[in-house]
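Novice: For reference, the file start_39.pdb (PDB, C-alpha atoms, pLDDT in the B column) is included below:
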ATOM      1  CA  MET A1345       6.075 -13.099  20.829  1.00 95.00           C
ATOM      2  CA  THR A1346       3.807 -16.014  21.672  1.00 97.00           C
ATOM      3  CA  LEU A1347       0.042 -15.606  21.219  1.00 98.00           C
ATOM      4  CA  THR A1348      -2.966 -17.823  21.760  1.00 98.00           C
ATOM      5  CA  LEU A1349      -5.011 -17.858  18.557  1.00 98.00           C
ATOM      6  CA  LEU A1350      -8.673 -18.883  18.543  1.00 98.00           C
ATOM      7  CA  TYR A1351     -10.900 -19.567  15.533  1.00 98.00           C
ATOM      8  CA  PHE A1352     -14.661 -19.941  15.515  1.00 98.00           C
ATOM      9  CA  ALA A1353     -17.503 -21.258  13.360  1.00 98.00           C
ATOM     10  CA  ARG A1354     -16.770 -21.547   9.622  1.00 97.00           C
ATOM     11  CA  LEU A1355     -13.115 -20.526  10.096  1.00 98.00           C
ATOM     12  CA  ARG A1356     -12.598 -23.094  12.879  1.00 98.00           C
ATOM     13  CA  GLU A1357     -13.887 -25.817  10.554  1.00 97.00           C
ATOM     14  CA  LEU A1358     -11.917 -24.698   7.491  1.00 97.00           C
ATOM     15  CA  PHE A1359      -8.662 -24.180   9.419  1.00 98.00           C
ATOM     16  CA  GLY A1360      -9.098 -27.564  11.090  1.00 98.00           C
ATOM     17  CA  THR A1361      -8.410 -26.154  14.561  1.00 98.00           C
ATOM     18  CA  GLY A1362     -10.076 -23.932  17.127  1.00 98.00           C
ATOM     19  CA  ARG A1363      -6.988 -23.032  19.128  1.00 98.00           C
ATOM     20  CA  GLU A1364      -3.241 -22.840  18.726  1.00 98.00           C
ATOM     21  CA  GLN A1365      -0.183 -21.278  20.346  1.00 98.00           C
ATOM     22  CA  ALA A1366       1.786 -19.339  17.760  1.00 97.00           C
ATOM     23  CA  ASP A1367       5.387 -18.129  18.030  1.00 97.00           C
ATOM     24  CA  LEU A1368       5.558 -15.038  15.884  1.00 97.00           C
ATOM     25  CA  PRO A1369       8.547 -13.386  14.227  1.00 97.00           C
ATOM     26  CA  ALA A1370       9.647  -9.965  15.515  1.00 95.00           C
ATOM     27  CA  GLU A1371       8.122  -8.089  12.556  1.00 95.00           C
ATOM     28  CA  VAL A1372       4.602  -8.992  13.701  1.00 97.00           C
ATOM     29  CA  SER A1373       3.384  -6.204  15.980  1.00 97.00           C
ATOM     30  CA  THR A1374      -0.251  -5.463  15.014  1.00 98.00           C
ATOM     31  CA  LEU A1375      -3.369  -7.468  14.240  1.00 97.00           C
ATOM     32  CA  ALA A1376      -2.908  -6.607  10.545  1.00 96.00           C
ATOM     33  CA  ASP A1377       0.641  -8.040  10.704  1.00 97.00           C
ATOM     34  CA  LEU A1378      -0.663 -11.208  12.340  1.00 98.00           C
ATOM     35  CA  VAL A1379      -3.283 -11.707   9.629  1.00 97.00           C
ATOM     36  CA  ASP A1380      -0.614 -11.168   6.946  1.00 97.00           C
ATOM     37  CA  TRP A1381       1.526 -13.787   8.650  1.00 98.00           C
ATOM     38  CA  LEU A1382      -1.398 -16.244   8.775  1.00 98.00           C
ATOM     39  CA  ARG A1383      -2.094 -15.645   5.049  1.00 97.00           C
ATOM     40  CA  GLY A1384       1.509 -16.685   4.445  1.00 97.00           C
ATOM     41  CA  ARG A1385       0.508 -20.236   5.392  1.00 97.00           C
ATOM     42  CA  GLY A1386      -1.269 -20.409   2.020  1.00 98.00           C
ATOM     43  CA  GLY A1387      -4.253 -22.657   1.208  1.00 98.00           C
ATOM     44  CA  VAL A1388      -7.424 -21.990   3.206  1.00 97.00           C
ATOM     45  CA  TRP A1389      -5.562 -19.422   5.332  1.00 98.00           C
ATOM     46  CA  ALA A1390      -4.702 -17.244   2.346  1.00 97.00           C
ATOM     47  CA  GLU A1391      -8.148 -17.791   0.858  1.00 97.00           C
ATOM     48  CA  GLN A1392     -10.300 -17.096   3.930  1.00 97.00           C
ATOM     49  CA  LEU A1393      -8.257 -14.129   5.201  1.00 96.00           C
ATOM     50  CA  ALA A1394      -7.785 -12.549   1.749  1.00 94.00           C
ATOM     51  CA  GLU A1395      -8.485  -8.842   1.219  1.00 89.00           C
ATOM     52  CA  GLY A1396     -12.206  -8.314   0.821  1.00 89.00           C
ATOM     53  CA  ARG A1397     -13.240 -11.432   2.781  1.00 92.00           C
ATOM     54  CA  ALA A1398     -15.506 -10.740   5.747  1.00 90.00           C
ATOM     55  CA  TRP A1399     -13.924 -11.661   9.064  1.00 92.00           C
ATOM     56  CA  ARG A1400     -13.738 -10.062  12.480  1.00 95.00           C
ATOM     57  CA  ALA A1401     -11.179 -10.203  15.261  1.00 96.00           C
ATOM     58  CA  ALA A1402     -10.990  -9.741  19.008  1.00 97.00           C
ATOM     59  CA  VAL A1403      -7.924  -9.183  21.171  1.00 98.00           C
ATOM     60  CA  ASN A1404      -8.277 -10.345  24.779  1.00 98.00           C
ATOM     61  CA  GLN A1405     -12.035 -10.687  24.184  1.00 97.00           C
ATOM     62  CA  ASP A1406     -12.644  -7.151  22.921  1.00 95.00           C
ATOM     63  CA  MET A1407     -13.433  -6.437  19.272  1.00 94.00           C
ATOM     64  CA  ALA A1408     -10.273  -5.130  17.613  1.00 95.00           C
ATOM     65  CA  GLY A1409      -9.270  -3.402  14.391  1.00 95.00           C
ATOM     66  CA  PRO A1410      -6.216  -3.999  12.174  1.00 95.00           C
ATOM     67  CA  GLU A1411      -4.107  -1.318  13.924  1.00 96.00           C
ATOM     68  CA  THR A1412      -4.427  -2.990  17.335  1.00 97.00           C
ATOM     69  CA  VAL A1413      -0.966  -3.596  18.822  1.00 98.00           C
ATOM     70  CA  LEU A1414      -0.397  -7.141  20.071  1.00 98.00           C
ATOM     71  CA  ASN A1415       1.511  -8.074  23.206  1.00 98.00           C
ATOM     72  CA  GLU A1416       3.118 -11.229  24.560  1.00 98.00           C
ATOM     73  CA  GLY A1417       0.475 -13.680  25.780  1.00 98.00           C
ATOM     74  CA  ASP A1418      -2.511 -11.970  24.109  1.00 98.00           C
ATOM     75  CA  GLU A1419      -5.546 -14.046  23.176  1.00 98.00           C
ATOM     76  CA  VAL A1420      -6.458 -13.224  19.575  1.00 98.00           C
ATOM     77  CA  ALA A1421      -9.676 -14.599  18.086  1.00 98.00           C
ATOM     78  CA  ILE A1422     -10.538 -14.529  14.393  1.00 98.00           C
ATOM     79  CA  PHE A1423     -14.079 -15.335  13.308  1.00 97.00           C
ATOM     80  CA  PRO A1424     -16.800 -14.691  10.708  1.00 97.00           C
ATOM     81  CA  PRO A1425     -19.296 -11.829  11.193  1.00 96.00           C
ATOM     82  CA  VAL A1426     -21.636 -12.818  14.026  1.00 96.00           C
ATOM     83  CA  THR A1427     -25.076 -14.337  13.446  1.00 95.00           C
ATOM     84  CA  GLY A1428     -26.719 -14.762  16.856  1.00 95.00           C
ATOM     85  CA  GLY A1429     -30.156 -13.768  18.082  1.00 93.00           C
TER      86      GLY A1429
ATOM     87  CA  MET B1414     -28.818  -7.329  35.486  1.00 96.00           C
ATOM     88  CA  LYS B1415     -28.784 -10.951  34.432  1.00 98.00           C
ATOM     89  CA  VAL B1416     -26.837 -12.288  31.454  1.00 98.00           C
ATOM     90  CA  ALA B1417     -26.770 -16.006  30.725  1.00 98.00           C
ATOM     91  CA  VAL B1418     -25.526 -18.190  27.878  1.00 98.00           C
ATOM     92  CA  GLN B1419     -26.884 -21.696  28.298  1.00 98.00           C
ATOM     93  CA  THR B1420     -27.961 -24.873  26.522  1.00 98.00           C
ATOM     94  CA  GLU B1421     -31.051 -25.339  28.713  1.00 98.00           C
ATOM     95  CA  PRO B1422     -34.470 -23.839  27.896  1.00 98.00           C
ATOM     96  CA  PHE B1423     -35.632 -20.844  29.920  1.00 98.00           C
ATOM     97  CA  ASP B1424     -38.978 -19.966  31.473  1.00 98.00           C
ATOM     98  CA  LEU B1425     -40.271 -16.711  29.978  1.00 97.00           C
ATOM     99  CA  ASN B1426     -42.869 -16.117  32.681  1.00 97.00           C
ATOM    100  CA  ALA B1427     -40.433 -16.740  35.524  1.00 98.00           C
ATOM    101  CA  GLU B1428     -37.763 -14.500  33.971  1.00 98.00           C
ATOM    102  CA  VAL B1429     -40.199 -11.629  33.398  1.00 98.00           C
ATOM    103  CA  ALA B1430     -41.729 -11.979  36.858  1.00 98.00           C
ATOM    104  CA  ALA B1431     -38.253 -11.816  38.414  1.00 98.00           C
ATOM    105  CA  LEU B1432     -37.835  -8.338  36.888  1.00 98.00           C
ATOM    106  CA  TYR B1433     -40.855  -6.731  38.545  1.00 98.00           C
ATOM    107  CA  ARG B1434     -41.965  -8.813  41.524  1.00 97.00           C
ATOM    108  CA  ALA B1435     -39.484  -7.419  43.997  1.00 91.00           C
ATOM    109  CA  ASN B1436     -39.476  -3.849  42.684  1.00 96.00           C
ATOM    110  CA  PRO B1437     -42.625  -1.699  42.970  1.00 97.00           C
ATOM    111  CA  LYS B1438     -40.972   1.067  40.909  1.00 98.00           C
ATOM    112  CA  VAL B1439     -41.319  -1.062  37.756  1.00 98.00           C
ATOM    113  CA  GLY B1440     -44.236   0.104  35.602  1.00 98.00           C
ATOM    114  CA  ALA B1441     -43.307  -1.631  32.362  1.00 98.00           C
ATOM    115  CA  VAL B1442     -41.493  -4.746  31.189  1.00 98.00           C
ATOM    116  CA  ALA B1443     -40.795  -5.126  27.463  1.00 98.00           C
ATOM    117  CA  SER B1444     -39.636  -8.560  26.383  1.00 98.00           C
ATOM    118  CA  PHE B1445     -38.422  -9.963  23.091  1.00 98.00           C
ATOM    119  CA  LEU B1446     -38.400 -13.690  22.403  1.00 98.00           C
ATOM    120  CA  GLY B1447     -36.420 -14.966  19.417  1.00 97.00           C
ATOM    121  CA  ILE B1448     -37.541 -18.323  18.022  1.00 95.00           C
ATOM    122  CA  THR B1449     -35.656 -20.878  15.919  1.00 93.00           C
ATOM    123  CA  ARG B1450     -37.281 -20.779  12.491  1.00 86.00           C
ATOM    124  CA  ASP B1451     -37.681 -23.805  10.219  1.00 81.00           C
ATOM    125  CA  VAL B1452     -35.149 -22.801   7.577  1.00 70.00           C
ATOM    126  CA  ASN B1453     -35.954 -25.811   5.488  1.00 62.00           C
ATOM    127  CA  ALA B1454     -39.703 -25.337   4.985  1.00 61.00           C
ATOM    128  CA  GLY B1455     -40.654 -28.933   5.587  1.00 60.00           C
ATOM    129  CA  GLN B1456     -37.929 -30.648   3.514  1.00 61.00           C
ATOM    130  CA  GLY B1457     -36.522 -32.892   6.173  1.00 61.00           C
ATOM    131  CA  LEU B1458     -36.087 -32.017   9.817  1.00 59.00           C
ATOM    132  CA  ALA B1459     -33.900 -28.961  10.184  1.00 81.00           C
ATOM    133  CA  ALA B1460     -31.943 -27.963  13.269  1.00 89.00           C
ATOM    134  CA  MET B1461     -29.810 -25.000  14.219  1.00 93.00           C
ATOM    135  CA  THR B1462     -26.521 -25.257  16.118  1.00 96.00           C
ATOM    136  CA  LEU B1463     -25.324 -22.180  17.988  1.00 97.00           C
ATOM    137  CA  GLU B1464     -21.628 -21.690  18.706  1.00 98.00           C
ATOM    138  CA  HIS B1465     -20.267 -18.937  20.963  1.00 98.00           C
ATOM    139  CA  TYR B1466     -16.985 -17.612  22.351  1.00 98.00           C
ATOM    140  CA  PRO B1467     -17.106 -18.496  26.056  1.00 97.00           C
ATOM    141  CA  GLY B1468     -16.028 -15.500  28.118  1.00 97.00           C
ATOM    142  CA  MET B1469     -16.198 -12.904  25.364  1.00 98.00           C
ATOM    143  CA  THR B1470     -19.869 -13.564  24.606  1.00 98.00           C
ATOM    144  CA  GLU B1471     -20.936 -12.931  28.199  1.00 98.00           C
ATOM    145  CA  ARG B1472     -18.739  -9.826  28.377  1.00 97.00           C
ATOM    146  CA  ALA B1473     -20.187  -8.477  25.121  1.00 97.00           C
ATOM    147  CA  LEU B1474     -23.753  -9.013  26.351  1.00 98.00           C
ATOM    148  CA  GLU B1475     -22.985  -7.308  29.669  1.00 98.00           C
ATOM    149  CA  ARG B1476     -21.457  -4.361  27.839  1.00 97.00           C
ATOM    150  CA  ILE B1477     -24.540  -4.010  25.592  1.00 98.00           C
ATOM    151  CA  CYS B1478     -26.818  -4.028  28.654  1.00 98.00           C
ATOM    152  CA  ARG B1479     -24.650  -1.383  30.357  1.00 98.00           C
ATOM    153  CA  GLU B1480     -24.803   0.792  27.231  1.00 98.00           C
ATOM    154  CA  ALA B1481     -28.606   0.496  27.241  1.00 98.00           C
ATOM    155  CA  ALA B1482     -28.688   1.499  30.924  1.00 98.00           C
ATOM    156  CA  GLU B1483     -26.597   4.578  30.123  1.00 98.00           C
ATOM    157  CA  ARG B1484     -29.046   5.642  27.387  1.00 98.00           C
ATOM    158  CA  TRP B1485     -32.324   5.019  29.212  1.00 98.00           C
ATOM    159  CA  PRO B1486     -33.365   4.982  32.875  1.00 98.00           C
ATOM    160  CA  LEU B1487     -33.743   1.216  33.263  1.00 98.00           C
ATOM    161  CA  LEU B1488     -34.562  -0.657  36.447  1.00 98.00           C
ATOM    162  CA  ASP B1489     -33.375  -4.120  35.390  1.00 98.00           C
ATOM    163  CA  VAL B1490     -32.402  -6.175  32.338  1.00 98.00           C
ATOM    164  CA  THR B1491     -32.297  -9.903  31.599  1.00 98.00           C
ATOM    165  CA  VAL B1492     -30.629 -11.410  28.527  1.00 98.00           C
ATOM    166  CA  ILE B1493     -30.583 -15.193  28.033  1.00 98.00           C
ATOM    167  CA  HIS B1494     -29.161 -16.719  24.856  1.00 98.00           C
ATOM    168  CA  ARG B1495     -29.185 -20.433  24.206  1.00 98.00           C
ATOM    169  CA  VAL B1496     -26.361 -22.324  22.485  1.00 98.00           C
ATOM    170  CA  GLY B1497     -25.947 -25.873  21.217  1.00 98.00           C
ATOM    171  CA  GLU B1498     -28.546 -27.623  19.061  1.00 96.00           C
ATOM    172  CA  LEU B1499     -31.995 -26.054  18.725  1.00 96.00           C
ATOM    173  CA  LYS B1500     -35.021 -27.318  16.810  1.00 92.00           C
ATOM    174  CA  PRO B1501     -37.561 -25.167  14.940  1.00 90.00           C
ATOM    175  CA  THR B1502     -40.110 -23.544  17.306  1.00 92.00           C
ATOM    176  CA  GLU B1503     -37.642 -23.585  20.231  1.00 96.00           C
ATOM    177  CA  PRO B1504     -36.955 -20.199  21.846  1.00 97.00           C
ATOM    178  CA  ILE B1505     -33.358 -19.128  21.258  1.00 97.00           C
ATOM    179  CA  VAL B1506     -33.024 -15.701  22.913  1.00 98.00           C
ATOM    180  CA  LEU B1507     -34.814 -13.622  25.534  1.00 98.00           C
ATOM    181  CA  VAL B1508     -34.282  -9.920  26.146  1.00 98.00           C
ATOM    182  CA  ALA B1509     -36.462  -8.421  28.889  1.00 98.00           C
ATOM    183  CA  VAL B1510     -36.200  -4.849  30.129  1.00 98.00           C
ATOM    184  CA  ALA B1511     -37.852  -3.337  33.213  1.00 98.00           C
ATOM    185  CA  ALA B1512     -38.396   0.416  33.520  1.00 98.00           C
ATOM    186  CA  ALA B1513     -40.806   2.881  35.068  1.00 98.00           C
ATOM    187  CA  HIS B1514     -42.538   3.541  31.731  1.00 98.00           C
ATOM    188  CA  ARG B1515     -43.044   1.752  28.443  1.00 98.00           C
ATOM    189  CA  GLY B1516     -41.078   4.129  26.200  1.00 98.00           C
ATOM    190  CA  GLU B1517     -37.671   3.355  27.610  1.00 98.00           C
ATOM    191  CA  ALA B1518     -38.538  -0.349  28.048  1.00 98.00           C
ATOM    192  CA  PHE B1519     -39.508  -0.766  24.368  1.00 98.00           C
ATOM    193  CA  ALA B1520     -36.562   1.267  23.083  1.00 98.00           C
ATOM    194  CA  ALA B1521     -33.933  -0.420  25.257  1.00 98.00           C
ATOM    195  CA  CYS B1522     -35.258  -3.893  24.376  1.00 98.00           C
ATOM    196  CA  GLU B1523     -34.926  -3.170  20.653  1.00 98.00           C
ATOM    197  CA  PHE B1524     -31.506  -1.548  21.130  1.00 98.00           C
ATOM    198  CA  ILE B1525     -30.173  -4.572  23.016  1.00 98.00           C
ATOM    199  CA  MET B1526     -31.424  -6.980  20.326  1.00 98.00           C
ATOM    200  CA  ASP B1527     -29.980  -4.861  17.492  1.00 97.00           C
ATOM    201  CA  TYR B1528     -26.593  -4.704  19.190  1.00 97.00           C
ATOM    202  CA  LEU B1529     -26.684  -8.375  20.163  1.00 97.00           C
ATOM    203  CA  LYS B1530     -27.216  -9.321  16.499  1.00 96.00           C
ATOM    204  CA  THR B1531     -24.084  -7.470  15.370  1.00 94.00           C
ATOM    205  CA  ARG B1532     -21.726  -7.416  18.383  1.00 95.00           C
ATOM    206  CA  ALA B1533     -22.186 -10.550  20.457  1.00 97.00           C
ATOM    207  CA  PRO B1534     -20.082 -13.484  19.239  1.00 98.00           C
ATOM    208  CA  PHE B1535     -22.599 -16.168  18.323  1.00 98.00           C
ATOM    209  CA  TRP B1536     -22.667 -18.147  15.079  1.00 97.00           C
ATOM    210  CA  LYS B1537     -25.545 -20.196  13.670  1.00 95.00           C
ATOM    211  CA  LYS B1538     -25.177 -23.330  11.614  1.00 95.00           C
ATOM    212  CA  GLU B1539     -28.205 -24.843   9.896  1.00 91.00           C
ATOM    213  CA  THR B1540     -28.404 -28.592   9.557  1.00 87.00           C
ATOM    214  CA  THR B1541     -30.752 -30.083   6.967  1.00 82.00           C
ATOM    215  CA  ALA B1542     -30.978 -33.430   5.187  1.00 79.00           C
ATOM    216  CA  GLU B1543     -28.386 -32.044   2.737  1.00 81.00           C
ATOM    217  CA  GLY B1544     -25.841 -31.296   5.482  1.00 86.00           C
ATOM    218  CA  GLY B1545     -24.602 -28.308   7.491  1.00 90.00           C
ATOM    219  CA  LYS B1546     -24.353 -24.685   6.376  1.00 91.00           C
ATOM    220  CA  TRP B1547     -23.119 -21.656   8.337  1.00 94.00           C
ATOM    221  CA  VAL B1548     -25.590 -18.785   8.266  1.00 91.00           C
ATOM    222  CA  ASP B1549     -24.288 -15.616   6.576  1.00 90.00           C
ATOM    223  CA  ALA B1550     -24.452 -12.295   8.420  1.00 90.00           C
ATOM    224  CA  ARG B1551     -27.075  -9.928   7.010  1.00 88.00           C
ATOM    225  CA  GLU B1552     -26.441  -6.343   5.992  1.00 87.00           C
ATOM    226  CA  SER B1553     -29.879  -5.400   7.358  1.00 90.00           C
ATOM    227  CA  ASP B1554     -28.684  -6.289  10.868  1.00 91.00           C
ATOM    228  CA  GLU B1555     -25.796  -3.810  10.575  1.00 89.00           C
ATOM    229  CA  THR B1556     -28.236  -1.177   9.329  1.00 91.00           C
ATOM    230  CA  ALA B1557     -30.549  -1.818  12.275  1.00 92.00           C
ATOM    231  CA  ALA B1558     -27.699  -1.420  14.774  1.00 93.00           C
ATOM    232  CA  ALA B1559     -26.397   1.727  13.042  1.00 92.00           C
ATOM    233  CA  ARG B1560     -29.729   3.521  13.655  1.00 93.00           C
ATOM    234  CA  TRP B1561     -28.749   3.832  17.314  1.00 92.00           C
ATOM    235  CA  SER B1562     -25.511   5.683  16.767  1.00 88.00           C
ATOM    236  CA  GLY B1563     -27.364   9.032  16.727  1.00 70.00           C
ATOM    237  CA  SER B1564     -29.027  10.551  19.764  1.00 52.00           C
ATOM    238  CA  SER B1565     -31.142   8.338  22.004  1.00 46.00           C
ATOM    239  CA  GLN B1566     -33.487  11.303  22.307  1.00 45.00           C
ATOM    240  CA  ASP B1567     -34.839  10.375  18.875  1.00 45.00           C
ATOM    241  CA  ARG B1568     -36.585   7.348  20.278  1.00 46.00           C
ATOM    242  CA  GLY B1569     -37.997   5.967  23.410  1.00 43.00           C
ATOM    243  CA  ASN B1570     -38.650   9.138  25.354  1.00 42.00           C
ATOM    244  CA  SER B1571     -40.762   8.492  28.378  1.00 39.00           C
ATOM    245  CA  ARG B1572     -44.392   9.303  27.741  1.00 38.00           C
ATOM    246  CA  GLY B1573     -45.854   7.866  30.914  1.00 41.00           C
ATOM    247  CA  SER B1574     -47.031   4.295  31.152  1.00 42.00           C
TER     248      SER B1574
END
Re-express the file's structure as structure tokens.

Specialist:
Amino acid sequence: MTLTLLYFARLRELFGTGREQADLPAEVSTLADLVDWLRGRGGVWAEQLAEGRAWRAAVNQDMAGPETVLNEGDEVAIFPPVTGG
Amino acid sequence: MKVAVQTEPFDLNAEVAALYRANPKVGAVASFLGITRDVNAGQGLAAMTLEHYPGMTERALERICREAAERWPLLDVTVIHRVGELKPTEPIVLVAVAAAHRGEAFAACEFIMDYLKTRAPFWKKETTAEGGKWVDARESDETAAARWSGSSQDRGNSRGS
């Protein structure tokens, strides 16, 4: 499965990228699986996405929880809690 | 309904006037103006940079306005949020709500701001002489938004203008 991954704000800066295409192994089927897979990159990825760290995610531009099932071509965004207004 | 995310300043008077001028049913317009605060209290010139998620941000704002219109009988809504670099004293966000009476206008305006603060993807970064720092989300904003998850009958009932 290939996904477009987007990162914003503090995470964009720490990850050193705002956008990537990721080819995921077959065992990744939910948002929680994707985050586990990203943690496997180690370093800032493991640190920023660790259990207990505050981050939010959207799938195809709608807020999404860990159980959300991902599909080929989805746009998945991971970002810090929002601070607008 | 008007939702805009833009770098340019907006004209409060023109935006408010656009909500009532063409509609004689409007008896009340409640507007909220958010201003960039000086986070650095005079120690060097501070600025705020606003980042957003193009596409999702507009959709989230439209959804919040639709939710408000389902809760209260609104006649029109305008939400404008600026992005990019903003200096202290510059307006950053406008929420203006037109209704027949003040109750629903006040309530819907506050509801939209509370939801915007917790559900619309914007992120603030402060820049001071010491460098840049991303603003942390505040628990009090979540608490403010959670107040609305009960019945809308608790607040903002129409009491005549």

Novice: I'd like the neighbourhood of region 1403-1414 of chain A as a PyMOL selection string, where a residue qualifies if any of its atoms comes within 8 Å (using only C-alpha atoms), though same-chain residues fewer than 2 positions away should be ignored.

Specialist: (chain A and resi 1373-1376+1400-1401+1416+1418-1421) or (chain B and resi 1468-1469+1472-1473)

Novice: Pick out the residues sitting within 10 Å of Glu1421 (chain B), and hand them over as a count of residues only; count only C-alpha atoms, and ignore anything fewer than 4 positions along from it in its own chain.

Specialist: 5

Novice: Could you please determine the separation between CA of Ser1444 (chain B) and CA of Trp1536 (chain B) in Å, to one decimal place?

Specialist: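 Calculated distance between CA of Ser1444 (chain B) and CA of Trp1536 (chain B) is 22.5 Å.
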
Novice: Please identify all polymer residues within 9 Å of Leu1425 (chain B), counting only C-alpha atoms, omitting same-chain residues fewer than 3 positions from it, and present them as a list in words.

Specialist: Glu1428, Val1429, Ala1430, Ser1444, Leu1446 and Leu1507 of chain B

Novice: Once you have the residues from the selection above, write them out as a PDB file, in the coordinates of the input, restricted to C-alpha atoms.

Specialist:
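Dumped everything to again20.pdb:
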ATOM      1  CA  GLU B1428     -37.763 -14.500  33.971  1.00 98.00           C
ATOM      2  CA  VAL B1429     -40.199 -11.629  33.398  1.00 98.00           C
ATOM      3  CA  ALA B1430     -41.729 -11.979  36.858  1.00 98.00           C
ATOM      4  CA  SER B1444     -39.636  -8.560  26.383  1.00 98.00           C
ATOM      5  CA  LEU B1446     -38.400 -13.690  22.403  1.00 98.00           C
ATOM      6  CA  LEU B1507     -34.814 -13.622  25.534  1.00 98.00           C
TER       7      LEU B1507
END

Novice: Nearest residue to chain A out of B:Lys1438, B:Arg1532, B:Arg1450, B:Arg1560, using all atoms listed in the file?

Specialist: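 Ranking B:Lys1438, B:Arg1532, B:Arg1450, B:Arg1560 by distance to chain A, first place goes to B:Arg1532.
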
Novice: Mind telling me what the PyMOL selection byres ((chain B and resi 1434-1437) around 10) catches here, as a ChimeraX atom specification?

Specialist: /B:1429-1433,1438-1440,1488-1489,1511,1513

Novice: May I have the selected residues written with C-alpha atoms, as a PDB file, in the frame of the given file?

Specialist:
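File written: out31.pdb
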ATOM      1  CA  VAL B1429     -40.199 -11.629  33.398  1.00 98.00           C
ATOM      2  CA  ALA B1430     -41.729 -11.979  36.858  1.00 98.00           C
ATOM      3  CA  ALA B1431     -38.253 -11.816  38.414  1.00 98.00           C
ATOM      4  CA  LEU B1432     -37.835  -8.338  36.888  1.00 98.00           C
ATOM      5  CA  TYR B1433     -40.855  -6.731  38.545  1.00 98.00           C
ATOM      6  CA  LYS B1438     -40.972   1.067  40.909  1.00 98.00           C
ATOM      7  CA  VAL B1439     -41.319  -1.062  37.756  1.00 98.00           C
ATOM      8  CA  GLY B1440     -44.236   0.104  35.602  1.00 98.00           C
ATOM      9  CA  LEU B1488     -34.562  -0.657  36.447  1.00 98.00           C
ATOM     10  CA  ASP B1489     -33.375  -4.120  35.390  1.00 98.00           C
ATOM     11  CA  ALA B1511     -37.852  -3.337  33.213  1.00 98.00           C
ATOM     12  CA  ALA B1513     -40.806   2.881  35.068  1.00 98.00           C
TER      13      ALA B1513
END

Novice: Write out as a PDB file with C-alpha atoms, keeping the file's coordinate frame every residue belonging to chain A that has an atom at most 6 Å from any atom of chain B, counting only C-alpha atoms.

Specialist:
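The resulting file, result-v6.pdb, is reproduced below:
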ATOM      1  CA  GLN A1405     -12.035 -10.687  24.184  1.00 97.00           C
ATOM      2  CA  PRO A1425     -19.296 -11.829  11.193  1.00 96.00           C
ATOM      3  CA  VAL A1426     -21.636 -12.818  14.026  1.00 96.00           C
ATOM      4  CA  THR A1427     -25.076 -14.337  13.446  1.00 95.00           C
ATOM      5  CA  GLY A1428     -26.719 -14.762  16.856  1.00 95.00           C
ATOM      6  CA  GLY A1429     -30.156 -13.768  18.082  1.00 93.00           C
TER       7      GLY A1429
END

Novice: Within 8 Å of Ala1459 (chain B), counting all atoms listed in the file, which residues qualify if same-chain residues fewer than 3 places away don't, as a list in words?

Specialist: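 In the requested form, the answer reads Asp1451, Val1452, Asn1453, Gln1456, Lys1500, Pro1501, Glu1539, Thr1540, Thr1541 and Ala1542 of chain B.
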
Novice: Quick one: which residues end up in the PyMOL selection byres ((chain A and resi 1356) around 12) for this structure, as a list in words?

Specialist: Leu1349, Leu1350, Tyr1351, Phe1352, Ala1353, Arg1354, Leu1355, Glu1357, Leu1358, Phe1359, Gly1360, Thr1361, Gly1362, Arg1363, Glu1364, Val1388, Trp1389, Gln1392, Ala1421, Ile1422, Phe1423 and Pro1424 of chain A; Glu1464, His1465, Tyr1466, Trp1536 and Trp1547 of chain B

Novice: Determine, counting only C-alpha atoms, which protein, DNA and RNA residues have an atom within 10 Å of an atom of Leu1393 (chain A); residues of the same chain fewer than 2 positions away are not included. Present the result as a VMD selection string.

Specialist: chain A and resid 1355 1379 to 1380 1382 to 1383 1386 1388 to 1391 1395 to 1400 1422

Novice: Select, from B:Met1461, B:Ala1512, B:Ala1521, B:Ile1493, the residue with the minimum atom-to-atom distance to Gly1544 (chain B), counting all atoms listed in the file.

Specialist: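 With all atoms listed in the file as the atom set, the closest residue is B:Met1461.
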
Novice: Report the residues retrieved by the PyMOL selection byres ((chain B and resi 1482) around 12) from the displayed file, expressed as a list in words.

Specialist: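 Written out, the selection comes to Met1414, Glu1475, Arg1476, Ile1477, Cys1478, Arg1479, Glu1480, Ala1481, Glu1483, Arg1484, Trp1485, Pro1486, Leu1487, Leu1488, Asp1489, Val1490, Thr1491, Val1510, Ala1511, Ala1512, Glu1517, Ala1518, Ala1520, Ala1521, Cys1522, Phe1524, Ile1525 and Ser1565 of chain B.
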
Novice: What gap, in Å, lies between CA of Val1492 (chain B) and CA of Leu1474 (chain B)?

Specialist: 7.6 Å
